[in-house]
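K.L.:
One structure, as C-alpha cells, below. Some questions next.
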There are 2 protein chains.
Amino acid sequence: MDWLDSVKWGDDGLVPAIAQEATTGDVLMVAWMNREALAETARRGEAVYWSRSRQRLWHKGEESGHVQTVHELRLDCDADVILMKVTQTGHEPGIACHTGRHSCFFRRYEGGAWQTVEPVLKDPESIYK
Amino acid sequence: MDWLDSVKWGDDGLVPAIAQEATTGDVLMVAWMNREALAETARRGEAVYWSRSRQRLWHKGEESGHVQTVHELRLDCDADVILMKVTQTGHEPGIACHTGRHSCFFRRYEGGAWQTVEPVLKDPESIYK
C-alpha cells in the first residue's frame, strides 16, 4: 500500500500539517496538505502546503524566501494529522509567520483576551516585495 | 468582543487544537475543539475537546485518568488553530495516545513507508478498563 494511501484525507482531501522547529521545538505554524502537497514535501525535503485561499500548491517560501527544510515527517494515530520537524530558513531567528513573527502562535490567552506576546522580527512589507 | 468570538470556527464549528508538552516541547496530539470545549478548557485549566466520533464534549482523561493540565493557550495568526502547553498527567512519562504511547505521532516516514518508532508504555487494555 502506498504511504500516501495510509493518510485519512478529509472530505475536502486535506489534512492539517504542523511545522515544528527542530532545534527549539517551537510550533511555528499549521497549514493544510493534500496528497500532492505531501508527496512534494517528501520529494523536495521542503514544506509544500495546499493553500485553501489560493486553491493551489504552496511551496512555503516561494515569495518570502522563508523555505522550511523538512527533517522528519510523522503521522498521528488517526492518520489524519502530519507533524514535520523543520528548519525555518531565510532569516535568523526563523520567521514562519506572514506577519513577520517567528511563530504564527503569537497570541496568548491572558485575562480573558488574546494578547500579542511575540515581536515582529521583520516588516512584512519588506518580506513580500 | 468576547475572546471566543475571535476564533474563526470552521463550517462545522470546530478548530484543531494541538497539545504540546510544556517540559519537553513534544507535540503529543491534535484533536478538535468547538466553542464550548475551548471555554471549558480555559475554565478548568484542563484540556476539553469535542469528540467528532462521539459527538460530545470530551474531557481528556475522563476514562484513562490521563488528564492534560493546561498552562497556556495560544491562537495562530489566522485564528483557526489553538496551541496548548500542557502537562500530561496520569503516568510517567506521560501517555497522550490511546495506543498507550507518549505521543500520537509515533509513526515516522522512512524508506517510503510509515514506520512505528515509539514504544507502547502501557497496555491500552489496562488503561481503559
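Following the order of the C-alpha cells, chains are lettered A, B, ..., residues in each are numbered from 1, and ligands are numbered from 1.
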Would you pick out the contacts of range 36-46 of chain A at 6 Å or less, using only C-alpha atoms, so that residues sharing its chain but fewer than 3 positions from it are not included, and give the list as JSON, numbers by chain?
P.N.:
{"A": [33, 49, 68, 69, 70]}
K.L.:
At a cut-off of 7 Å, which residues of chain A touch chain B? Count only C-alpha atoms and give the answer as a list in words.
P.N.:
Trp3, Gly25, Leu73, Arg74, Leu75, Asp76, Cys77, Cys104, Phe105, Phe106, Arg107, Arg108, Tyr109, Gly112, Ala113 and Trp114 of chain A
K.L.:
Write a file of the selected residues as a short mmCIF file (atom, residue, chain, number, x, y, z; two decimals), in the first residue's frame, keeping C-alpha atoms.
P.N.:
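After the write, again-v1.cif holds the following:
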```
data_model
loop_
_atom_site.label_atom_id
_atom_site.label_comp_id
_atom_site.auth_asym_id
_atom_site.auth_seq_id
_atom_site.Cartn_x
_atom_site.Cartn_y
_atom_site.Cartn_z
CA TRP A 3 2.24 5.52 2.12
CA GLY A 25 10.70 22.52 19.49
CA LEU A 73 7.63 13.60 8.74
CA ARG A 74 5.32 11.99 11.28
CA LEU A 75 1.75 10.74 11.16
CA ASP A 76 -0.60 10.50 14.12
CA CYS A 77 -2.58 7.50 15.37
CA CYS A 104 2.11 32.06 13.93
CA PHE A 105 1.10 31.36 17.54
CA PHE A 106 1.94 34.85 18.79
CA ARG A 107 -1.27 35.42 20.75
CA ARG A 108 -1.64 34.12 24.29
CA TYR A 109 -4.84 33.91 26.29
CA GLY A 112 -9.95 36.94 29.26
CA ALA A 113 -8.44 38.08 25.95
CA TRP A 114 -5.88 37.11 23.32
#
```
K.L.:
Quick one: DSSP alpha helix (DSSP H) residues in chain A, as number ranges by chain?
P.N.:
A: 35-44, 124-127
K.L.:
Got a sec: who's within 12 Å of Lys122 in chain B, counting only C-alpha atoms, leaving out chain neighbours fewer than 6 positions off, as a list in words?
P.N.:
Ser64, His66, Gly90, His91, Glu92, Pro93, Gly94, Ile95, Ala96, Cys97, His98, Thr99, Gly100, Arg101, His102 and Tyr128 of chain B
K.L.:
Just all heavy atoms for this one: save the residues we selected as a short mmCIF file (atom, residue, chain, number, x, y, z; two decimals), in the first residue's frame.
P.N.:
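Writing done, so here's part_15.cif:
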```cif
data_model
loop_
_atom_site.label_atom_id
_atom_site.label_comp_id
_atom_site.auth_asym_id
_atom_site.auth_seq_id
_atom_site.Cartn_x
_atom_site.Cartn_y
_atom_site.Cartn_z
N SER B 64 -9.33 7.43 31.02
CA SER B 64 -7.98 6.90 31.23
C SER B 64 -7.32 7.47 32.48
O SER B 64 -6.34 6.90 32.98
CB SER B 64 -7.11 7.26 30.02
OG SER B 64 -7.00 8.68 29.91
N HIS B 66 -5.75 10.11 32.24
CA HIS B 66 -4.62 10.85 31.66
C HIS B 66 -5.04 12.27 31.29
O HIS B 66 -5.08 12.66 30.13
CB HIS B 66 -4.06 10.10 30.45
CG HIS B 66 -3.49 8.76 30.79
ND1 HIS B 66 -3.12 7.84 29.85
CD2 HIS B 66 -3.22 8.19 31.99
CE1 HIS B 66 -2.64 6.75 30.45
NE2 HIS B 66 -2.70 6.94 31.75
N GLY B 90 -0.98 11.41 34.89
CA GLY B 90 -1.54 10.06 34.99
C GLY B 90 -0.55 8.94 34.78
O GLY B 90 -0.86 7.78 35.05
N HIS B 91 0.61 9.26 34.27
CA HIS B 91 1.64 8.24 34.03
C HIS B 91 2.95 8.99 33.85
O HIS B 91 2.96 10.14 33.42
CB HIS B 91 1.33 7.42 32.77
CG HIS B 91 2.21 6.22 32.57
ND1 HIS B 91 3.42 6.28 31.91
CD2 HIS B 91 2.05 4.93 32.94
CE1 HIS B 91 3.96 5.06 31.90
NE2 HIS B 91 3.15 4.23 32.51
N GLU B 92 4.04 8.32 34.18
CA GLU B 92 5.36 8.94 33.99
C GLU B 92 6.25 7.99 33.21
O GLU B 92 6.50 6.88 33.70
CB GLU B 92 5.97 9.28 35.35
CG GLU B 92 7.27 10.07 35.30
CD GLU B 92 7.19 11.35 34.51
OE1 GLU B 92 6.17 12.06 34.59
OE2 GLU B 92 8.15 11.61 33.75
N PRO B 93 6.70 8.32 31.97
CA PRO B 93 6.39 9.56 31.24
C PRO B 93 4.95 9.60 30.77
O PRO B 93 4.26 8.59 30.74
CB PRO B 93 7.35 9.51 30.04
CG PRO B 93 7.72 8.07 29.88
CD PRO B 93 7.58 7.42 31.21
N GLY B 94 4.49 10.78 30.40
CA GLY B 94 3.10 10.99 30.03
C GLY B 94 2.66 10.15 28.84
O GLY B 94 3.44 9.91 27.92
N ILE B 95 1.42 9.69 28.91
CA ILE B 95 0.79 8.94 27.82
C ILE B 95 -0.37 9.76 27.29
O ILE B 95 -1.39 9.91 27.97
CB ILE B 95 0.28 7.57 28.31
CG1 ILE B 95 1.46 6.69 28.75
CG2 ILE B 95 -0.53 6.88 27.22
CD1 ILE B 95 1.04 5.35 29.35
N ALA B 96 -0.22 10.29 26.09
CA ALA B 96 -1.32 11.07 25.50
C ALA B 96 -2.15 10.21 24.55
O ALA B 96 -3.32 10.49 24.32
CB ALA B 96 -0.76 12.27 24.74
N CYS B 97 -1.55 9.16 24.00
CA CYS B 97 -2.19 8.41 22.91
C CYS B 97 -3.01 7.23 23.44
O CYS B 97 -2.59 6.56 24.38
CB CYS B 97 -1.13 7.92 21.93
SG CYS B 97 -1.83 7.19 20.43
N HIS B 98 -4.12 6.98 22.78
CA HIS B 98 -5.00 5.87 23.19
C HIS B 98 -4.35 4.51 22.92
O HIS B 98 -4.84 3.49 23.39
CB HIS B 98 -6.35 5.96 22.47
CG HIS B 98 -6.30 5.55 21.03
ND1 HIS B 98 -5.75 6.36 20.05
CD2 HIS B 98 -6.70 4.42 20.40
CE1 HIS B 98 -5.83 5.74 18.89
NE2 HIS B 98 -6.40 4.57 19.07
N THR B 99 -3.22 4.51 22.17
CA THR B 99 -2.48 3.27 21.93
C THR B 99 -1.51 2.97 23.08
O THR B 99 -0.80 1.96 23.03
CB THR B 99 -1.67 3.35 20.63
OG1 THR B 99 -0.65 4.36 20.78
CG2 THR B 99 -2.55 3.69 19.44
N GLY B 100 -1.46 3.86 24.09
CA GLY B 100 -0.56 3.67 25.22
C GLY B 100 0.82 4.26 25.00
O GLY B 100 1.75 3.99 25.76
N ARG B 101 0.95 5.07 23.96
CA ARG B 101 2.24 5.71 23.66
C ARG B 101 2.26 7.15 24.17
O ARG B 101 1.22 7.76 24.40
CB ARG B 101 2.51 5.68 22.16
CG ARG B 101 2.73 4.26 21.62
CD ARG B 101 3.06 4.31 20.14
NE ARG B 101 3.36 2.98 19.61
CZ ARG B 101 2.44 2.12 19.15
NH1 ARG B 101 1.15 2.44 19.18
NH2 ARG B 101 2.80 0.94 18.68
N HIS B 102 3.48 7.65 24.33
CA HIS B 102 3.69 9.02 24.80
C HIS B 102 2.95 10.02 23.92
O HIS B 102 2.20 10.86 24.40
CB HIS B 102 5.20 9.30 24.78
CG HIS B 102 5.59 10.70 25.13
ND1 HIS B 102 5.23 11.30 26.32
CD2 HIS B 102 6.32 11.64 24.45
CE1 HIS B 102 5.72 12.53 26.36
NE2 HIS B 102 6.37 12.75 25.24
N TYR B 128 -7.90 1.55 29.67
CA TYR B 128 -9.35 1.74 29.52
C TYR B 128 -10.07 0.52 30.05
O TYR B 128 -10.35 -0.41 29.32
CB TYR B 128 -9.70 1.97 28.04
CG TYR B 128 -8.98 3.17 27.46
CD1 TYR B 128 -7.77 3.00 26.79
CD2 TYR B 128 -9.51 4.45 27.60
CE1 TYR B 128 -7.10 4.11 26.27
CE2 TYR B 128 -8.84 5.54 27.09
CZ TYR B 128 -7.64 5.37 26.42
OH TYR B 128 -6.98 6.45 25.91
#
```
K.L.:
How many Å separate CA of His71 in chain A from CA of Thr87 in chain A?
P.N.:
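Spanning CA of His71 in chain A to CA of Thr87 in chain A is a straight-line distance of 7.7 Å.
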K.L.:
Pull the strand (DSSP E) assignments for range 4-109 of chain A out of DSSP run on the backbone, and list those residues as number ranges by chain.
P.N.:
A: 15-21, 27-33, 48-51, 56-59, 68-75, 82-88, 107-109
K.L.:
Those residues with C-alpha atoms, as a compact mmCIF listing (two decimals), in the first residue's frame please?
P.N.:
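Done, and the output landed in out-v2.txt:
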```
# COMPACT_ATOMS: atom_id res chain seq x y z
CA VAL A 15 -5.20 17.14 6.50
CA PRO A 16 -3.59 19.64 8.89
CA ALA A 17 0.22 19.75 8.88
CA ILE A 18 2.20 21.12 11.81
CA ALA A 19 5.63 22.65 11.28
CA GLN A 20 7.74 22.32 14.44
CA GLU A 21 11.20 23.85 14.63
CA VAL A 27 5.43 25.07 16.93
CA LEU A 28 5.79 27.51 14.06
CA MET A 29 2.60 27.11 12.07
CA VAL A 30 -0.19 24.84 10.92
CA ALA A 31 -1.34 24.71 7.32
CA TRP A 32 -3.04 22.13 5.12
CA MET A 33 -1.79 19.45 2.78
CA VAL A 48 4.75 22.25 0.41
CA TYR A 49 1.21 23.00 1.53
CA TRP A 50 -2.16 23.35 -0.16
CA SER A 51 -3.29 26.95 0.01
CA ARG A 56 -3.14 25.76 -5.36
CA LEU A 57 0.04 24.13 -4.11
CA TRP A 58 2.07 26.50 -1.99
CA HIS A 59 5.79 25.90 -1.69
CA GLN A 68 11.17 25.22 5.53
CA THR A 69 13.68 22.38 5.28
CA VAL A 70 11.97 19.18 6.41
CA HIS A 71 13.99 16.75 8.53
CA GLU A 72 11.25 14.38 9.56
CA LEU A 73 7.63 13.60 8.74
CA ARG A 74 5.32 11.99 11.28
CA LEU A 75 1.75 10.74 11.16
CA ILE A 82 1.03 15.40 9.79
CA LEU A 83 3.86 16.64 12.02
CA MET A 84 7.05 17.95 10.43
CA LYS A 85 10.36 18.73 12.10
CA VAL A 86 11.76 21.66 10.15
CA THR A 87 14.46 24.27 9.92
CA GLN A 88 12.93 27.65 9.15
CA ARG A 107 -1.27 35.42 20.75
CA ARG A 108 -1.64 34.12 24.29
CA TYR A 109 -4.84 33.91 26.29
```
K.L.:
Find the residue from A:Thr89, A:Ser126, A:Thr23, A:Asn34 that sits nearest to Gly61 in chain A; use only C-alpha atoms when measuring.
P.N.:
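Of all the options, A:Thr89 lies closest to Gly61 in chain A.
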K.L.:
Counting only C-alpha atoms, which of B:Lys8, B:Arg52, B:Val67, B:Glu118 gets nearest to Arg35 in chain B?
P.N.:
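Smallest separation from Arg35 in chain B among the options: B:Lys8.
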K.L.:
Please, what distance in Å, to one decimal, runs between CA of Glu63 in chain B and CA of Asp123 in chain B?
P.N.:
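Separation between CA of Glu63 in chain B and CA of Asp123 in chain B: 14.5 Å.
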